[in-house]
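Raw contents of data_12.pdb, PDB, C-alpha atoms (C1' of nucleotides):
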ATOM      1  CA  MET A   1      13.189   0.329 -84.910
ATOM      2  CA  PRO A   2      11.183  -0.165 -88.035
ATOM      3  CA  GLU A   3       7.909  -1.861 -87.394
ATOM      4  CA  ILE A   4       4.840  -1.452 -89.546
ATOM      5  CA  LEU A   5       4.488   2.291 -88.823
ATOM      6  CA  GLU A   6       8.020   3.156 -89.897
ATOM      7  CA  VAL A   7       7.717   0.984 -92.991
ATOM      8  CA  GLU A   8       4.476   2.745 -93.860
ATOM      9  CA  GLU A   9       6.236   6.107 -93.568
ATOM     10  CA  ALA A  10       8.928   4.854 -95.917
ATOM     11  CA  ARG A  11       6.303   3.557 -98.318
ATOM     12  CA  HIS A  12       4.585   6.911 -98.343
ATOM     13  CA  LEU A  13       7.863   8.720 -98.923
ATOM     14  CA  ILE A  14       8.614   6.526-101.925
ATOM     15  CA  GLU A  15       5.085   6.883-103.237
ATOM     16  CA  THR A  16       5.236  10.659-103.149
ATOM     17  CA  ARG A  17       8.857  11.135-104.220
ATOM     18  CA  ALA A  18      10.226   8.171-106.144
ATOM     19  CA  LEU A  19       7.557   6.973-108.574
ATOM     20  CA  ASP A  20       7.791   7.560-112.339
ATOM     21  CA  ARG A  21      11.488   8.371-112.282
ATOM     22  CA  THR A  22      13.673   6.388-114.641
ATOM     23  CA  ILE A  23      16.337   4.276-112.979
ATOM     24  CA  ALA A  24      19.837   4.757-114.340
ATOM     25  CA  THR A  25      22.036   2.529-112.200
ATOM     26  CA  VAL A  26      21.957   0.472-109.032
ATOM     27  CA  ASP A  27      24.722   0.329-106.445
ATOM     28  CA  ALA A  28      24.572  -2.790-104.263
ATOM     29  CA  PRO A  29      28.027  -3.028-102.684
ATOM     30  CA  ASP A  30      27.021  -5.513 -99.978
ATOM     31  CA  ALA A  31      26.479  -8.963-101.484
ATOM     32  CA  TRP A  32      25.259 -10.297 -98.160
ATOM     33  CA  TYR A  33      22.391  -7.812 -98.313
ATOM     34  CA  LEU A  34      21.001  -9.334-101.508
ATOM     35  CA  LYS A  35      18.909 -12.435-100.886
ATOM     36  CA  ARG A  36      17.959 -15.557-102.817
ATOM     37  CA  GLY A  37      20.948 -15.601-105.125
ATOM     38  CA  LEU A  38      20.502 -12.036-106.314
ATOM     39  CA  THR A  39      23.692 -10.226-107.342
ATOM     40  CA  GLY A  40      24.540  -6.589-107.837
ATOM     41  CA  ASP A  41      25.034  -7.125-111.561
ATOM     42  CA  VAL A  42      21.671  -8.792-112.008
ATOM     43  CA  ILE A  43      19.700  -6.263-110.006
ATOM     44  CA  GLY A  44      21.366  -3.446-111.930
ATOM     45  CA  ARG A  45      20.598  -4.977-115.305
ATOM     46  CA  VAL A  46      17.042  -5.805-114.327
ATOM     47  CA  LEU A  47      16.142  -2.379-112.941
ATOM     48  CA  SER A  48      17.952   0.025-115.229
ATOM     49  CA  GLY A  49      15.636   1.794-117.641
ATOM     50  CA  ARG A  50      12.556   1.024-115.584
ATOM     51  CA  ARG A  51      10.469   3.214-113.311
ATOM     52  CA  PHE A  52       8.651   2.435-110.095
ATOM     53  CA  THR A  53       4.917   2.462-110.708
ATOM     54  CA  ALA A  54       3.634   1.750-107.198
ATOM     55  CA  ALA A  55       4.910   1.539-103.632
ATOM     56  CA  ARG A  56       3.060  -1.137-101.690
ATOM     57  CA  ARG A  57       3.544  -2.636 -98.266
ATOM     58  CA  ARG A  58       2.591  -5.893 -96.627
ATOM     59  CA  GLY A  59       3.507  -5.959 -92.984
ATOM     60  CA  LYS A  60       7.106  -4.829 -92.788
ATOM     61  CA  LEU A  61       7.879  -5.730 -96.396
ATOM     62  CA  LEU A  62       8.131  -2.887 -98.916
ATOM     63  CA  LEU A  63       7.075  -3.786-102.446
ATOM     64  CA  LEU A  64       8.051  -1.554-105.341
ATOM     65  CA  ASP A  65       6.429  -2.432-108.651
ATOM     66  CA  THR A  66       8.159  -1.479-111.891
ATOM     67  CA  ASP A  67       7.067  -0.734-115.441
ATOM     68  CA  PRO A  68       8.099  -2.855-118.458
ATOM     69  CA  GLY A  69      10.962  -0.531-119.291
ATOM     70  CA  SER A  70      11.731   0.917-122.692
ATOM     71  CA  ASP A  71      14.820  -1.018-123.725
ATOM     72  CA  ALA A  72      14.943  -4.258-125.653
ATOM     73  CA  ARG A  73      12.942  -6.649-123.571
ATOM     74  CA  PRO A  74      10.443  -9.352-124.395
ATOM     75  CA  ALA A  75       7.407  -7.658-125.809
ATOM     76  CA  GLY A  76       4.077  -8.058-124.120
ATOM     77  CA  ASP A  77       5.245  -7.732-120.547
ATOM     78  CA  ALA A  78       2.598  -5.652-118.846
ATOM     79  CA  GLN A  79       5.014  -4.758-116.088
ATOM     80  CA  GLY A  80       8.459  -5.409-114.738
ATOM     81  CA  PRO A  81       9.562  -7.238-111.615
ATOM     82  CA  THR A  82       8.751  -6.163-108.076
ATOM     83  CA  LEU A  83      11.561  -4.991-105.837
ATOM     84  CA  GLY A  84      11.250  -6.127-102.214
ATOM     85  CA  LEU A  85      12.926  -4.106 -99.465
ATOM     86  CA  HIS A  86      13.306  -5.138 -95.834
ATOM     87  CA  LEU A  87      14.395  -2.502 -93.345
ATOM     88  CA  GLY A  88      15.461  -5.026 -90.735
ATOM     89  CA  MET A  89      16.097  -3.368 -87.428
ATOM     90  CA  THR A  90      17.900  -0.183 -88.348
ATOM     91  CA  GLY A  91      17.092   0.312 -92.009
ATOM     92  CA  ARG A  92      15.807   3.646 -93.312
ATOM     93  CA  VAL A  93      14.831   4.811 -96.736
ATOM     94  CA  LEU A  94      16.120   8.125 -98.033
ATOM     95  CA  VAL A  95      14.901   9.766-101.216
ATOM     96  CA  ASP A  96      17.055  12.636-102.486
ATOM     97  CA  GLY A  97      18.625  12.905 -99.044
ATOM     98  CA  THR A  98      15.499  13.064 -96.915
ATOM     99  CA  ALA A  99      14.207  10.310 -94.674
ATOM    100  CA  ALA A 100      10.570   9.761 -93.782
ATOM    101  CA  GLY A 101       9.544  11.464 -90.574
ATOM    102  CA  GLU A 102      12.940  12.922 -89.826
ATOM    103  CA  PRO A 103      13.503  15.838 -92.185
ATOM    104  CA  LEU A 104      16.326  17.367 -90.173
ATOM    105  CA  LEU A 105      18.140  14.478 -88.606
ATOM    106  CA  TYR A 106      20.045  13.507 -91.687
ATOM    107  CA  ALA A 107      21.258  16.999 -92.227
ATOM    108  CA  SER A 108      23.544  16.342 -89.285
ATOM    109  CA  ASN A 109      26.765  14.420 -89.385
ATOM    110  CA  ARG A 110      25.045  11.197 -88.388
ATOM    111  CA  GLU A 111      25.483  10.035 -91.927
ATOM    112  CA  ASN A 112      27.955   7.382 -92.985
ATOM    113  CA  PRO A 113      28.211   6.346 -96.649
ATOM    114  CA  ALA A 114      29.382   2.897 -95.511
ATOM    115  CA  TRP A 115      25.826   2.314 -94.261
ATOM    116  CA  HIS A 116      24.350   2.705 -97.748
ATOM    117  CA  ARG A 117      23.600  -0.945 -98.502
ATOM    118  CA  PHE A 118      21.530  -0.292-101.599
ATOM    119  CA  THR A 119      21.321   2.792-103.813
ATOM    120  CA  ILE A 120      19.145   3.455-106.823
ATOM    121  CA  GLN A 121      20.408   6.269-109.011
ATOM    122  CA  PHE A 122      17.754   7.959-111.104
ATOM    123  CA  ARG A 123      18.500   9.500-114.484
ATOM    124  CA  ASP A 124      17.361  12.864-113.148
ATOM    125  CA  GLY A 125      20.254  12.845-110.695
ATOM    126  CA  GLY A 126      18.330  11.983-107.532
ATOM    127  CA  ARG A 127      18.622   8.760-105.634
ATOM    128  CA  LEU A 128      16.830   6.342-103.377
ATOM    129  CA  ILE A 129      19.047   4.952-100.633
ATOM    130  CA  LEU A 130      18.522   2.112 -98.171
ATOM    131  CA  ARG A 131      20.683   3.006 -95.198
ATOM    132  CA  ASP A 132      21.183   0.277 -92.625
ATOM    133  CA  PRO A 133      24.013   0.373 -90.064
ATOM    134  CA  ARG A 134      23.420  -3.139 -88.751
ATOM    135  CA  ARG A 135      22.850  -4.931 -92.039
ATOM    136  CA  LEU A 136      19.785  -6.845 -90.899
ATOM    137  CA  GLY A 137      17.684  -5.542 -93.760
ATOM    138  CA  ALA A 138      17.490  -7.178 -97.175
ATOM    139  CA  VAL A 139      16.810  -6.655-100.864
ATOM    140  CA  GLU A 140      15.127  -9.263-103.014
ATOM    141  CA  LEU A 141      13.408  -9.536-106.369
ATOM    142  CA  ASP A 142       9.806 -10.702-106.745
ATOM    143  CA  PRO A 143       9.430 -11.666-103.089
ATOM    144  CA  ASP A 144       6.866 -14.235-102.030
ATOM    145  CA  GLU A 145       4.225 -11.980-100.535
ATOM    146  CA  ASP A 146       2.098 -14.866 -99.352
ATOM    147  CA  ARG A 147       4.628 -15.889 -96.750
ATOM    148  CA  LEU A 148       3.132 -13.006 -94.771
ATOM    149  CA  GLY A 149      -0.198 -13.105 -92.989
ATOM    150  CA  VAL A 150      -2.923 -10.480 -92.905
ATOM    151  CA  ASP A 151      -1.584  -6.945 -92.695
ATOM    152  CA  ALA A 152      -1.915  -5.583 -89.155
ATOM    153  CA  PHE A 153      -3.694  -2.437 -90.401
ATOM    154  CA  THR A 154      -6.576  -4.576 -91.677
ATOM    155  CA  VAL A 155      -7.052  -6.734 -88.585
ATOM    156  CA  ASN A 156     -10.555  -7.092 -87.200
ATOM    157  CA  ALA A 157     -11.982  -9.567 -84.710
ATOM    158  CA  ALA A 158     -12.774 -12.210 -87.300
ATOM    159  CA  ARG A 159      -9.368 -12.021 -88.966
ATOM    160  CA  LEU A 160      -7.602 -12.048 -85.636
ATOM    161  CA  ARG A 161      -9.495 -15.160 -84.592
ATOM    162  CA  ALA A 162      -8.711 -16.866 -87.884
ATOM    163  CA  ALA A 163      -5.029 -15.973 -87.661
ATOM    164  CA  ILE A 164      -4.202 -16.853 -84.080
ATOM    165  CA  GLY A 165      -7.394 -18.114 -82.437
ATOM    166  CA  ASN A 166      -6.203 -21.673 -81.944
ATOM    167  CA  ARG A 167      -2.474 -21.190 -81.510
ATOM    168  CA  ARG A 168      -1.113 -22.582 -78.274
ATOM    169  CA  THR A 169       1.880 -20.247 -78.181
ATOM    170  CA  ALA A 170       2.021 -17.109 -76.039
ATOM    171  CA  ILE A 171      -0.248 -14.367 -77.356
ATOM    172  CA  LYS A 172       2.770 -12.096 -77.730
ATOM    173  CA  ALA A 173       4.597 -14.658 -79.880
ATOM    174  CA  ALA A 174       1.467 -15.191 -81.953
ATOM    175  CA  LEU A 175       1.086 -11.460 -82.618
ATOM    176  CA  MET A 176       4.724 -11.194 -83.679
ATOM    177  CA  ASN A 177       4.499 -14.172 -86.017
ATOM    178  CA  GLN A 178       4.646 -12.490 -89.427
ATOM    179  CA  ALA A 179       3.060 -15.471 -91.151
ATOM    180  CA  ALA A 180      -0.040 -14.990 -89.006
ATOM    181  CA  ILE A 181      -0.269 -11.194 -88.706
ATOM    182  CA  ALA A 182       2.217  -9.090 -90.642
ATOM    183  CA  GLY A 183       3.713  -5.903 -89.287
ATOM    184  CA  LEU A 184       3.805  -6.035 -85.500
ATOM    185  CA  GLY A 185       7.182  -6.019 -83.736
ATOM    186  CA  ASN A 186       8.355  -6.108 -80.174
ATOM    187  CA  LEU A 187       7.542  -2.543 -79.129
ATOM    188  CA  LEU A 188       4.114  -2.392 -80.736
ATOM    189  CA  VAL A 189       3.056  -5.727 -79.285
ATOM    190  CA  ASP A 190       4.076  -4.710 -75.770
ATOM    191  CA  GLU A 191       2.112  -1.466 -76.177
ATOM    192  CA  ILE A 192      -0.938  -3.227 -77.600
ATOM    193  CA  LEU A 193      -1.110  -5.904 -74.911
ATOM    194  CA  TRP A 194      -0.551  -3.285 -72.229
ATOM    195  CA  ARG A 195      -3.416  -1.206 -73.619
ATOM    196  CA  ALA A 196      -5.669  -4.234 -73.994
ATOM    197  CA  GLY A 197      -4.880  -5.466 -70.469
ATOM    198  CA  ILE A 198      -3.736  -8.924 -71.577
ATOM    199  CA  ASP A 199      -0.875 -10.938 -70.063
ATOM    200  CA  PRO A 200       1.650 -11.419 -72.909
ATOM    201  CA  ALA A 201       2.521 -14.964 -71.804
ATOM    202  CA  ARG A 202      -1.039 -16.305 -71.967
ATOM    203  CA  SER A 203      -1.780 -18.853 -74.652
ATOM    204  CA  ALA A 204      -3.336 -17.222 -77.704
ATOM    205  CA  ALA A 205      -5.950 -19.960 -77.802
ATOM    206  CA  ALA A 206      -7.006 -19.138 -74.243
ATOM    207  CA  LEU A 207      -8.454 -15.744 -75.173
ATOM    208  CA  ASP A 208     -12.241 -15.666 -75.137
ATOM    209  CA  ARG A 209     -14.382 -13.844 -77.686
ATOM    210  CA  THR A 210     -14.577 -10.694 -75.632
ATOM    211  CA  GLU A 211     -10.816 -10.531 -75.326
ATOM    212  CA  GLN A 212     -10.313 -11.250 -79.022
ATOM    213  CA  GLY A 213     -12.594  -8.368 -79.890
ATOM    214  CA  ARG A 214     -10.888  -6.032 -77.459
ATOM    215  CA  LEU A 215      -7.474  -7.033 -78.769
ATOM    216  CA  ALA A 216      -8.485  -6.501 -82.398
ATOM    217  CA  ARG A 217      -9.834  -3.030 -81.628
ATOM    218  CA  THR A 218      -6.715  -2.196 -79.633
ATOM    219  CA  ILE A 219      -4.439  -3.213 -82.524
ATOM    220  CA  SER A 220      -6.368  -0.959 -84.861
ATOM    221  CA  THR A 221      -6.528   1.986 -82.473
ATOM    222  CA  THR A 222      -2.898   1.721 -81.418
ATOM    223  CA  LEU A 223      -1.611   1.681 -84.993
ATOM    224  CA  ARG A 224      -3.630   4.748 -85.866
ATOM    225  CA  VAL A 225      -2.798   6.734 -82.743
ATOM    226  CA  LEU A 226       0.909   5.951 -82.791
ATOM    227  CA  GLY A 227       0.991   6.475 -86.541
ATOM    228  CA  ARG A 228      -0.246  10.027 -86.019
ATOM    229  CA  ARG A 229       2.214  10.574 -83.190
ATOM    230  CA  GLY A 230       5.132   9.472 -85.302
ATOM    231  CA  GLY A 231       5.989   5.827 -84.828
ATOM    232  CA  SER A 232       6.422   2.696 -82.754
ATOM    233  CA  HIS A 233       8.430   4.492 -80.102
ATOM    234  CA  THR A 234       5.650   6.966 -79.226
ATOM    235  CA  GLY A 235       3.558   4.561 -77.177
ATOM    236  CA  ASP A 236       2.299   5.347 -73.666
ATOM    237  CA  LEU A 237       4.244   2.399 -72.261
ATOM    238  CA  MET A 238       7.486   3.464 -73.902
ATOM    239  CA  PRO A 239       8.756   5.915 -71.229
ATOM    240  CA  ALA A 240       8.360   3.212 -68.571
ATOM    241  CA  ARG A 241       9.816   0.424 -70.663
ATOM    242  CA  HIS A 242      13.088   0.040 -68.787
ATOM    243  CA  PRO A 243      14.303  -1.847 -65.700
ATOM    244  CA  GLY A 244      12.676  -0.342 -62.621
ATOM    245  CA  GLY A 245       9.867   1.271 -64.620
ATOM    246  CA  PHE A 246       6.343   1.667 -63.304
ATOM    247  CA  CYS A 247       3.061   1.104 -65.096
ATOM    248  CA  PRO A 248       1.811   4.481 -66.428
ATOM    249  CA  ARG A 249      -1.763   3.323 -65.862
ATOM    250  CA  ASP A 250      -1.734   2.075 -62.271
ATOM    251  CA  GLY A 251       1.735   2.707 -60.927
ATOM    252  CA  ALA A 252       2.617  -0.923 -60.320
ATOM    253  CA  PRO A 253       6.230  -2.007 -60.875
ATOM    254  CA  LEU A 254       6.528  -3.346 -64.415
ATOM    255  CA  ARG A 255       7.825  -6.838 -64.950
ATOM    256  CA  ARG A 256      10.589  -7.618 -67.404
ATOM    257  CA  ASP A 257      10.452 -11.129 -68.850
ATOM    258  CA  THR A 258      11.376 -12.955 -72.016
ATOM    259  CA  VAL A 259       8.300 -13.922 -73.990
ATOM    260  CA  GLY A 260       8.474 -15.291 -77.498
ATOM    261  CA  GLY A 261      12.233 -14.883 -77.301
ATOM    262  CA  ARG A 262      12.036 -11.131 -76.829
ATOM    263  CA  THR A 263      12.419  -8.774 -73.907
ATOM    264  CA  THR A 264       8.930  -7.991 -72.654
ATOM    265  CA  TYR A 265       7.721  -5.287 -70.301
ATOM    266  CA  TRP A 266       4.258  -5.717 -68.833
ATOM    267  CA  CYS A 267       2.097  -4.831 -65.847
ATOM    268  CA  PRO A 268       1.135  -7.761 -63.617
ATOM    269  CA  VAL A 269      -1.693  -5.746 -62.067
ATOM    270  CA  HIS A 270      -3.895  -4.864 -65.025
ATOM    271  CA  GLN A 271      -2.607  -7.298 -67.686
ATOM    272  CA  ARG A 272      -4.296 -10.635 -67.035
TER
ATOM    273  C1'  DG B   1       6.708 -24.296 -80.900
ATOM    274  C1'  DA B   2      11.021 -22.613 -78.947
ATOM    275  C1'  DT B   3      15.798 -21.184 -79.314
ATOM    276  C1'  DG B   4      19.950 -19.158 -81.078
ATOM    277  C1'  DA B   5      22.613 -16.990 -84.800
ATOM    278  C1'  DC B   6      23.075 -13.304 -87.762
ATOM    279  C1'  DC B   7      25.111  -8.145 -87.373
ATOM    280  C1'  DT B   8      26.989  -3.955 -85.284
ATOM    281  C1'  DG B   9      25.989   0.580 -82.947
ATOM    282  C1'  DT B  10      24.895   2.229 -78.446
ATOM    283  C1'  DG B  11      25.136   3.003 -73.694
ATOM    284  C1'  DA B  12      26.272   1.503 -69.152
TER
ATOM    285  C1'  DT C   1      34.594  -3.921 -71.944
ATOM    286  C1'  DC C   2      30.373  -5.972 -72.694
ATOM    287  C1'  DA C   3      25.520  -6.692 -72.436
ATOM    288  C1'  DC C   4      21.786  -5.405 -75.092
ATOM    289  C1'  DA C   5      18.789  -4.056 -78.870
ATOM    290  C1'  DG C   6      15.710  -6.547 -82.509
ATOM    291  C1'  DG C   7      13.485  -8.837 -87.551
ATOM    292  C1'  DT C   8      14.171 -12.997 -89.617
ATOM    293  C1'  DC C   9      15.689 -17.552 -90.588
ATOM    294  C1'  DA C  10      17.758 -22.052 -89.681
ATOM    295  C1'  DT C  11      17.750 -25.567 -86.497
ATOM    296  C1'  DC C  12      16.594 -27.907 -82.411
TER
END

Using the file provided, produce a representation of the structure as structure tokens.
Amino acid sequence: MPEILEVEEARHLIETRALDRTIATVDAPDAWYLKRGLTGDVIGRVLSGRRFTAARRRGKLLLLDTDPGSDARPAGDAQGPTLGLHLGMTGRVLVDGTAAGEPLLYASNRENPAWHRFTIQFRDGGRLILRDPRRLGAVELDPDEDRLGVDAFTVNAARLRAAIGNRRTAIKAALMNQAAIAGLGNLLVDEILWRAGIDPARSAAALDRTEQGRLARTISTTLRVLGRRGGSHTGDLMPARHPGGFCPRDGAPLRRDTVGGRTTYWCPVHQR
DNA sequence: GATGACCTGTGA
DNA sequence: TCACAGGTCATC
């Protein structure tokens, strides 16, 4: 389940393995996967001959900058377009056959070429693949980065207050709103609110200053701790996050509700 | 602001 | 056989 931590792993993989390699061809067999009118022909023409110069990330959106390319193109372009990659729910990036964080898994037979929604073939023979069984990811060109709010890794108390301080919606829904704070998904938000001791259904605007500060620190700490552990699924709440589960902190039966349209596990004893 | 559709693999 | 998972977007 790619949330900000998994996307960051993918970004790092691309940064260390896929920059400065000339693109030969692009294989985009799934037209539905290309957004905003983009076609396989266009993306192939636009990217061939260029190299990725930087791998950036804003929230869950991967941003790959390109160089001007060497072929006949309008002179004076300082750089080429930016490729935007969304991993959706099941998307993973592979560079030369390896995926971020899972060096051995893809050596198994859990590989299906039909899941390769987008492939970049480099002239050196290697390739970057976006593998996505459920097709909820996306590829676009020059995405609008400003549709996303402040990146969750940079949240502090002041930014949190500015982003969601006066929203009337449930705090969980506010934290998952990518236009407010970019990067947090269902699992991370449940873990964060559980750690911070905040009821996910409370109005975001109802949090006082103390709670805002605690929540901001918890977001920061949780991202760093779970990032070191290996991803969104390594949270302390995760093993108990199933029907009949008990709170790992105080042993109370967890509640399972729908908040912000998503399945939510939380502890009615210490989350208030 | 809230809800459902999109899509398909997984597990009960 | 079917509910469920979940990021995002259109629509209510």

Exercise for review: Pick out the chain B residues within 9 Å of chain A. Count all atoms listed in the file. Give them as a list of chain:residue names.
Suggested key: B:DG1, B:DA2, B:DT3, B:DC6, B:DC7, B:DT8, B:DG9

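CA of Glu140 (chain A) is found 11.1 Å from CA of Val42 (chain A).
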
**Study point:** Residue contacts of region 2-6 of chain C (9 Å, all atoms listed in the file) excluding same-chain residues fewer than 6 positions away, as a PyMOL selection string
**Key:** (chain A and resi 1+88-90+185-186+262) or (chain B and resi 10+12)

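Of the residues under consideration (A:Leu187, A:Pro81, A:Ala216, A:Thr221), A:Pro81 shows the shortest atom-to-atom contact distance to Leu141 (chain A) when counting only C-alpha atoms.
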
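This file gives the following result for the PyMOL selection byres ((chain A and resi 46) around 10): Thr25, Val26, Gly40, Asp41, Val42, Ile43, Gly44, Arg45, Leu47, Ser48, Gly49, Arg50, Gly69, Gly80, Pro81 and Leu141 of chain A.
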
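The space separating CA of Arg21 (chain A) from CA of Asp77 (chain A) comes to 19.1 Å.
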
So for region 246-260 of chain A, what box centre and size do we get, axis-aligned, 3 Å extra on each of the six sides, every listed atom, Å to one decimal, as JSON?
{"center_x": 4.8, "center_y": -5.4, "center_z": -68.9, "size_x": 19.1, "size_y": 25.8, "size_z": 23.2}

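One finds CA of Arg127 (chain A) at 15.2 Å from CA of Arg11 (chain A).
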
Practice item. Measuring atom to atom with only C-alpha atoms, identify which of A:Arg161, A:Arg229, A:Arg17, A:His242 is nearest to Arg214 (chain A). Key: A:Arg161

Exercise for review: Give as a ChimeraX atom specification the residues that the PyMOL selection byres ((chain C and resi 11) around 9) matches when applied to the coordinates above.
Suggested key: /B:3-4 /C:10,12

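When only C-alpha atoms (C1' of nucleotides) are used to measure the gap to chain C, the shortest distance among A:Ile129, A:Leu184, A:Ala158, A:Val269 belongs to A:Leu184.
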